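Visitor: entry.pdb (PDB, C-alpha atoms) pasted underneath:
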```pdb
ATOM      1  CA  MET A   1      56.560  85.569 166.212  1.00  0.00           C
ATOM      2  CA  LYS A   2      56.420  85.293 162.451  1.00  0.00           C
ATOM      3  CA  SER A   3      53.353  85.972 160.324  1.00  0.00           C
ATOM      4  CA  PHE A   4      52.200  86.078 156.723  1.00  0.00           C
ATOM      5  CA  SER A   5      48.964  87.151 155.037  1.00  0.00           C
ATOM      6  CA  ALA A   6      47.146  87.740 151.771  1.00  0.00           C
ATOM      7  CA  SER A   7      43.763  89.185 150.877  1.00  0.00           C
ATOM      8  CA  THR A   8      41.540  89.734 147.881  1.00  0.00           C
ATOM      9  CA  ASP A   9      38.014  90.756 146.929  1.00  0.00           C
ATOM     10  CA  ILE A  10      36.037  87.946 145.323  1.00  0.00           C
ATOM     11  CA  ASN A  11      33.018  88.545 143.086  1.00  0.00           C
ATOM     12  CA  ALA A  12      30.987  85.810 144.748  1.00  0.00           C
ATOM     13  CA  ALA A  13      28.876  85.647 147.902  1.00  0.00           C
ATOM     14  CA  PRO A  14      30.532  84.423 151.123  1.00  0.00           C
ATOM     15  CA  GLU A  15      28.468  81.215 150.909  1.00  0.00           C
ATOM     16  CA  ALA A  16      29.967  80.405 147.491  1.00  0.00           C
ATOM     17  CA  VAL A  17      33.511  81.175 148.659  1.00  0.00           C
ATOM     18  CA  TRP A  18      32.978  79.071 151.799  1.00  0.00           C
ATOM     19  CA  ALA A  19      31.804  76.140 149.666  1.00  0.00           C
ATOM     20  CA  VAL A  20      35.083  76.211 147.715  1.00  0.00           C
ATOM     21  CA  LEU A  21      37.162  76.753 150.845  1.00  0.00           C
ATOM     22  CA  THR A  22      35.686  73.760 152.646  1.00  0.00           C
ATOM     23  CA  GLU A  23      35.816  71.229 149.790  1.00  0.00           C
ATOM     24  CA  GLY A  24      39.262  69.811 150.539  1.00  0.00           C
ATOM     25  CA  SER A  25      39.145  67.098 147.883  1.00  0.00           C
ATOM     26  CA  LYS A  26      39.122  69.816 145.187  1.00  0.00           C
ATOM     27  CA  TYR A  27      42.048  71.929 146.461  1.00  0.00           C
ATOM     28  CA  THR A  28      44.457  70.371 143.965  1.00  0.00           C
ATOM     29  CA  GLU A  29      42.264  71.762 141.168  1.00  0.00           C
ATOM     30  CA  TRP A  30      42.692  75.415 142.144  1.00  0.00           C
ATOM     31  CA  ASP A  31      45.416  75.830 144.808  1.00  0.00           C
ATOM     32  CA  PRO A  32      48.765  75.778 142.981  1.00  0.00           C
ATOM     33  CA  GLY A  33      50.683  75.210 146.212  1.00  0.00           C
ATOM     34  CA  ILE A  34      49.047  71.983 147.335  1.00  0.00           C
ATOM     35  CA  ILE A  35      49.918  68.401 146.531  1.00  0.00           C
ATOM     36  CA  SER A  36      47.099  66.841 148.570  1.00  0.00           C
ATOM     37  CA  LEU A  37      44.730  67.498 151.438  1.00  0.00           C
ATOM     38  CA  GLU A  38      43.381  64.551 153.410  1.00  0.00           C
ATOM     39  CA  GLY A  39      40.431  64.784 155.792  1.00  0.00           C
ATOM     40  CA  ASP A  40      37.135  66.615 156.016  1.00  0.00           C
ATOM     41  CA  ILE A  41      37.248  70.371 156.463  1.00  0.00           C
ATOM     42  CA  ALA A  42      34.742  70.668 159.302  1.00  0.00           C
ATOM     43  CA  SER A  43      34.656  71.681 162.961  1.00  0.00           C
ATOM     44  CA  GLY A  44      37.021  69.642 165.139  1.00  0.00           C
ATOM     45  CA  GLU A  45      38.399  67.584 162.240  1.00  0.00           C
ATOM     46  CA  LYS A  46      42.060  66.739 161.641  1.00  0.00           C
ATOM     47  CA  LEU A  47      43.655  67.398 158.253  1.00  0.00           C
ATOM     48  CA  THR A  48      46.881  66.197 156.676  1.00  0.00           C
ATOM     49  CA  ILE A  49      48.291  68.545 154.076  1.00  0.00           C
ATOM     50  CA  TYR A  50      51.148  68.041 151.637  1.00  0.00           C
ATOM     51  CA  ALA A  51      52.339  71.326 150.162  1.00  0.00           C
ATOM     52  CA  LYS A  52      54.826  72.106 147.396  1.00  0.00           C
ATOM     53  CA  VAL A  53      56.714  74.414 149.763  1.00  0.00           C
ATOM     54  CA  SER A  54      57.872  71.285 151.643  1.00  0.00           C
ATOM     55  CA  PRO A  55      56.802  68.249 149.568  1.00  0.00           C
ATOM     56  CA  ASP A  56      58.342  65.572 151.793  1.00  0.00           C
ATOM     57  CA  ARG A  57      56.579  66.758 154.932  1.00  0.00           C
ATOM     58  CA  ALA A  58      53.024  66.194 156.088  1.00  0.00           C
ATOM     59  CA  PHE A  59      51.458  69.158 157.869  1.00  0.00           C
ATOM     60  CA  LYS A  60      48.908  67.931 160.388  1.00  0.00           C
ATOM     61  CA  VAL A  61      46.388  70.527 161.519  1.00  0.00           C
ATOM     62  CA  ASN A  62      43.153  70.687 163.498  1.00  0.00           C
ATOM     63  CA  VAL A  63      40.152  72.688 162.369  1.00  0.00           C
ATOM     64  CA  SER A  64      39.887  74.572 165.658  1.00  0.00           C
ATOM     65  CA  THR A  65      37.404  77.286 164.634  1.00  0.00           C
ATOM     66  CA  PHE A  66      34.619  76.763 162.123  1.00  0.00           C
ATOM     67  CA  GLU A  67      32.102  79.589 161.690  1.00  0.00           C
ATOM     68  CA  PRO A  68      30.354  78.915 158.352  1.00  0.00           C
ATOM     69  CA  HIS A  69      30.627  81.686 155.777  1.00  0.00           C
ATOM     70  CA  ARG A  70      32.748  83.782 158.193  1.00  0.00           C
ATOM     71  CA  LYS A  71      35.859  82.273 159.725  1.00  0.00           C
ATOM     72  CA  MET A  72      37.922  79.126 159.966  1.00  0.00           C
ATOM     73  CA  VAL A  73      41.160  78.438 161.848  1.00  0.00           C
ATOM     74  CA  TRP A  74      43.614  75.601 161.285  1.00  0.00           C
ATOM     75  CA  SER A  75      45.932  75.041 164.283  1.00  0.00           C
ATOM     76  CA  SER A  76      49.006  72.915 164.839  1.00  0.00           C
ATOM     77  CA  GLY A  77      52.009  72.857 167.074  1.00  0.00           C
ATOM     78  CA  MET A  78      54.065  71.238 169.778  1.00  0.00           C
ATOM     79  CA  PRO A  79      52.966  70.281 173.293  1.00  0.00           C
ATOM     80  CA  LEU A  80      52.937  72.955 175.999  1.00  0.00           C
ATOM     81  CA  GLY A  81      52.782  75.718 173.392  1.00  0.00           C
ATOM     82  CA  LEU A  82      56.485  75.376 172.572  1.00  0.00           C
ATOM     83  CA  PHE A  83      55.652  76.091 168.944  1.00  0.00           C
ATOM     84  CA  LYS A  84      52.264  76.944 167.461  1.00  0.00           C
ATOM     85  CA  GLY A  85      50.983  77.786 164.021  1.00  0.00           C
ATOM     86  CA  GLU A  86      47.541  79.229 163.354  1.00  0.00           C
ATOM     87  CA  ARG A  87      46.157  79.753 159.865  1.00  0.00           C
ATOM     88  CA  VAL A  88      43.072  81.973 159.809  1.00  0.00           C
ATOM     89  CA  PHE A  89      40.639  82.251 156.892  1.00  0.00           C
ATOM     90  CA  GLU A  90      38.214  85.190 157.127  1.00  0.00           C
ATOM     91  CA  LEU A  91      35.295  86.055 154.858  1.00  0.00           C
ATOM     92  CA  ALA A  92      33.113  89.153 155.026  1.00  0.00           C
ATOM     93  CA  PRO A  93      30.503  90.640 152.696  1.00  0.00           C
ATOM     94  CA  ASN A  94      32.175  93.500 150.817  1.00  0.00           C
ATOM     95  CA  GLY A  95      29.030  95.557 150.234  1.00  0.00           C
ATOM     96  CA  SER A  96      28.770  94.853 146.503  1.00  0.00           C
ATOM     97  CA  GLY A  97      27.495  91.279 146.705  1.00  0.00           C
ATOM     98  CA  GLY A  98      30.982  89.856 146.884  1.00  0.00           C
ATOM     99  CA  THR A  99      33.390  88.737 149.582  1.00  0.00           C
ATOM    100  CA  ALA A 100      36.422  90.293 151.207  1.00  0.00           C
ATOM    101  CA  PHE A 101      38.752  87.330 151.805  1.00  0.00           C
ATOM    102  CA  ARG A 102      41.776  87.379 154.113  1.00  0.00           C
ATOM    103  CA  MET A 103      44.131  84.571 155.044  1.00  0.00           C
ATOM    104  CA  SER A 104      46.900  84.851 157.609  1.00  0.00           C
ATOM    105  CA  GLU A 105      49.211  82.547 159.498  1.00  0.00           C
ATOM    106  CA  THR A 106      51.095  83.302 162.680  1.00  0.00           C
ATOM    107  CA  PHE A 107      53.813  81.192 164.269  1.00  0.00           C
ATOM    108  CA  THR A 108      54.577  81.655 167.969  1.00  0.00           C
ATOM    109  CA  GLY A 109      56.204  79.952 170.938  1.00  0.00           C
ATOM    110  CA  PRO A 110      59.576  79.640 172.655  1.00  0.00           C
ATOM    111  CA  MET A 111      60.875  77.263 169.955  1.00  0.00           C
ATOM    112  CA  MET A 112      60.614  80.081 167.380  1.00  0.00           C
ATOM    113  CA  VAL A 113      64.215  80.890 168.258  1.00  0.00           C
ATOM    114  CA  LEU A 114      65.244  77.557 166.730  1.00  0.00           C
ATOM    115  CA  ILE A 115      62.473  76.940 164.184  1.00  0.00           C
ATOM    116  CA  GLY A 116      61.702  80.469 162.968  1.00  0.00           C
ATOM    117  CA  GLY A 117      64.666  80.681 160.613  1.00  0.00           C
ATOM    118  CA  THR A 118      63.575  77.527 158.786  1.00  0.00           C
ATOM    119  CA  ILE A 119      60.123  78.906 157.902  1.00  0.00           C
ATOM    120  CA  PRO A 120      60.238  80.271 154.343  1.00  0.00           C
ATOM    121  CA  ASP A 121      58.417  83.409 153.217  1.00  0.00           C
ATOM    122  CA  LEU A 122      54.885  82.110 152.701  1.00  0.00           C
ATOM    123  CA  THR A 123      53.535  85.355 151.229  1.00  0.00           C
ATOM    124  CA  PRO A 124      53.825  84.257 147.563  1.00  0.00           C
ATOM    125  CA  HIS A 125      52.069  80.966 148.406  1.00  0.00           C
ATOM    126  CA  PHE A 126      49.288  82.804 150.251  1.00  0.00           C
ATOM    127  CA  GLU A 127      48.830  85.211 147.333  1.00  0.00           C
ATOM    128  CA  ALA A 128      48.631  82.268 144.899  1.00  0.00           C
ATOM    129  CA  PHE A 129      46.079  80.575 147.203  1.00  0.00           C
ATOM    130  CA  ALA A 130      43.924  83.732 147.330  1.00  0.00           C
ATOM    131  CA  ALA A 131      44.113  84.137 143.534  1.00  0.00           C
ATOM    132  CA  GLY A 132      43.176  80.481 142.981  1.00  0.00           C
ATOM    133  CA  LEU A 133      40.279  80.718 145.437  1.00  0.00           C
ATOM    134  CA  LYS A 134      39.063  83.861 143.665  1.00  0.00           C
ATOM    135  CA  ARG A 135      39.182  82.209 140.226  1.00  0.00           C
ATOM    136  CA  ARG A 136      37.395  79.088 141.481  1.00  0.00           C
ATOM    137  CA  ALA A 137      34.680  80.932 143.422  1.00  0.00           C
ATOM    138  CA  GLU A 138      34.038  83.272 140.499  1.00  0.00           C
ATOM    139  CA  GLY A 139      33.593  80.260 138.231  1.00  0.00           C
ATOM    140  CA  GLU A 140      36.611  80.825 135.980  1.00  0.00           C
TER
END
```
Here is the file; what I need is its structure written in the form of structure tokens.
Guide:
Amino acid sequence: MKSFSASTDINAAPEAVWAVLTEGSKYTEWDPGIISLEGDIASGEKLTIYAKVSPDRAFKVNVSTFEPHRKMVWSSGMPLGLFKGERVFELAPNGSGGTAFRMSETFTGPMMVLIGGTIPDLTPHFEAFAAGLKRRAEGE
């Protein structure tokens, strides 16, 4: 298993953060790690993501969990669970009118023995994503 995460407090209500998080066509305006995101970010939808971390590769994910203003999960992997990646976005009211945001990704499966070493440290990319989301949701 390999996992990465980032979190931040955002001075905007969960509904405002969710609106930014689910508007895929605007990601290139605030997420410094993305080249493009194709598809609608909604329950059961399929997305194709091109990221700067691996610009020649398309990451195809399914929106497997979609709980508005609370939680979203993007899943991908190989058949039979040989390799699986799950990116989780979590939002919670932070008690001061803002949002506690957390994003994590975990990679699992028997193929991790072969694939795990090729996965770069995603922490800086996750931190940049969280910072960009914060700026956008706060209206900066």
Visitor: Residues within 9 Å of Gly81 of chain A, please, as a PyMOL selection string. Count all atoms listed in the file; anything in the same chain fewer than 3 positions from it doesn't count.
Guide: chain A and resi 77-78+84+108-111
Visitor: So which one's closest to Lys134 of chain A, A:Ile34, A:Leu114, A:Val17, A:Ala42? Using all atoms listed in the file, please.
Guide: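 Residue with the minimum atom-to-atom distance to Lys134 of chain A: A:Val17.
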Visitor: Would you translate the PyMOL selection byres ((chain A and resi 71) around 9) into the concrete set of residues it matches in this file, as a list in words?
Guide: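 Output of the PyMOL selection byres ((chain A and resi 71) around 9): Thr65, Phe66, Glu67, Pro68, His69, Arg70, Met72, Val73, Val88, Phe89, Glu90, Leu91 and Ala92 of chain A.
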Visitor: Go ahead and find all residues with at least one atom no further than 12 Å from (50.3, 85.2, 143.8) in the file's coordinates, using only C-alpha atoms; report them as a PDB file with C-alpha atoms, in the frame of the given file.
Guide:
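Written out: selection_22.pdb:
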```pdb
ATOM      1  CA  SER A   5      48.964  87.151 155.037  1.00  0.00           C
ATOM      2  CA  ALA A   6      47.146  87.740 151.771  1.00  0.00           C
ATOM      3  CA  SER A   7      43.763  89.185 150.877  1.00  0.00           C
ATOM      4  CA  THR A   8      41.540  89.734 147.881  1.00  0.00           C
ATOM      5  CA  ASP A  31      45.416  75.830 144.808  1.00  0.00           C
ATOM      6  CA  PRO A  32      48.765  75.778 142.981  1.00  0.00           C
ATOM      7  CA  GLY A  33      50.683  75.210 146.212  1.00  0.00           C
ATOM      8  CA  LEU A 122      54.885  82.110 152.701  1.00  0.00           C
ATOM      9  CA  THR A 123      53.535  85.355 151.229  1.00  0.00           C
ATOM     10  CA  PRO A 124      53.825  84.257 147.563  1.00  0.00           C
ATOM     11  CA  HIS A 125      52.069  80.966 148.406  1.00  0.00           C
ATOM     12  CA  PHE A 126      49.288  82.804 150.251  1.00  0.00           C
ATOM     13  CA  GLU A 127      48.830  85.211 147.333  1.00  0.00           C
ATOM     14  CA  ALA A 128      48.631  82.268 144.899  1.00  0.00           C
ATOM     15  CA  PHE A 129      46.079  80.575 147.203  1.00  0.00           C
ATOM     16  CA  ALA A 130      43.924  83.732 147.330  1.00  0.00           C
ATOM     17  CA  ALA A 131      44.113  84.137 143.534  1.00  0.00           C
ATOM     18  CA  GLY A 132      43.176  80.481 142.981  1.00  0.00           C
ATOM     19  CA  LEU A 133      40.279  80.718 145.437  1.00  0.00           C
ATOM     20  CA  LYS A 134      39.063  83.861 143.665  1.00  0.00           C
TER      21      LYS A 134
END
```
Visitor: Selected by the PyMOL selection byres ((chain A and resi 50) around 7) in the shown coordinates: which residues, as number ranges by chain?
Guide: A: 34-37, 48-49, 51-52, 55, 57-59
Visitor: Using C-alpha atoms, can you export the residues from the last selection as a compact mmCIF listing (two decimals), in the frame of the given file?
Guide:
```txt
# COMPACT_ATOMS: atom_id res chain seq x y z
CA ILE A 34 49.05 71.98 147.34
CA ILE A 35 49.92 68.40 146.53
CA SER A 36 47.10 66.84 148.57
CA LEU A 37 44.73 67.50 151.44
CA THR A 48 46.88 66.20 156.68
CA ILE A 49 48.29 68.54 154.08
CA ALA A 51 52.34 71.33 150.16
CA LYS A 52 54.83 72.11 147.40
CA PRO A 55 56.80 68.25 149.57
CA ARG A 57 56.58 66.76 154.93
CA ALA A 58 53.02 66.19 156.09
CA PHE A 59 51.46 69.16 157.87
```
Visitor: For the structure shown, which residues end up in the PyMOL selection byres ((chain A and resi 95) around 12)? Put them as a PyMOL selection string, please?
Guide: chain A and resi 9-14+92-94+96-100
Visitor: Using all atoms listed in the file, find the one residue out of A:Leu21, A:Phe101, A:Arg135, A:Val113 that sits nearest to Leu82 of chain A.
Guide: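 Smallest separation from Leu82 of chain A among the options: A:Val113.
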Visitor: Take every atom of segment 110-114 of chain A listed in the file, fit an axis-aligned box around them, add 5 Å per side, and give the centre and edge lengths in Å to one decimal as lines of an AutoDock Vina configuration file.
Guide:
```
center_x = 62.4
center_y = 79.1
center_z = 169.7
size_x = 15.7
size_y = 13.6
size_z = 15.9
```
Visitor: Suppose you want the space between atom CA of Gly39 of chain A and atom CA of Arg136 of chain A; what is it in Å?
Guide: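 Result for atom CA of Gly39 of chain A versus atom CA of Arg136 of chain A: 20.5 Å, one decimal.
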Visitor: Rounded to one decimal place, report the atom CA of Gly117 of chain A-atom CA of Phe4 of chain A distance in Å.
Guide: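 These two atoms are separated by 14.1 Å.
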Visitor: What is the atom CA of Asn62 of chain A-atom CA of Ser75 of chain A distance in Å, reported with one decimal?
Guide: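 Atom CA of Asn62 of chain A sits 5.2 Å away from atom CA of Ser75 of chain A.
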Visitor: Could you list, as a JSON list (two decimals) with C-alpha atoms, keeping the file's coordinate frame, every residue within 7 Å of Phe107 of chain A, counting all atoms listed in the file and ignoring same-chain residues fewer than 4 positions away?
Guide:
```json
[["chain", "number", "residue", "atom", "x", "y", "z"],
["A", 1, "MET", "CA", 56.56, 85.57, 166.21],
["A", 2, "LYS", "CA", 56.42, 85.29, 162.45],
["A", 3, "SER", "CA", 53.35, 85.97, 160.32],
["A", 84, "LYS", "CA", 52.26, 76.94, 167.46],
["A", 85, "GLY", "CA", 50.98, 77.79, 164.02],
["A", 86, "GLU", "CA", 47.54, 79.23, 163.35]]
```
Visitor: Please determine, counting all atoms listed in the file, which residue among A:Ser64, A:Gly116, A:Val20, A:Arg102 has the shortest atom-to-atom distance to Phe83 of chain A.
Guide: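 Using all atoms listed in the file, the shortest distance to Phe83 of chain A belongs to A:Gly116.
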Visitor: Hey, which of A:Leu80, A:Ala19, A:Val63, A:Met112 ends up closest to Asp40 of chain A? Count all atoms listed in the file.
Guide: A:Val63
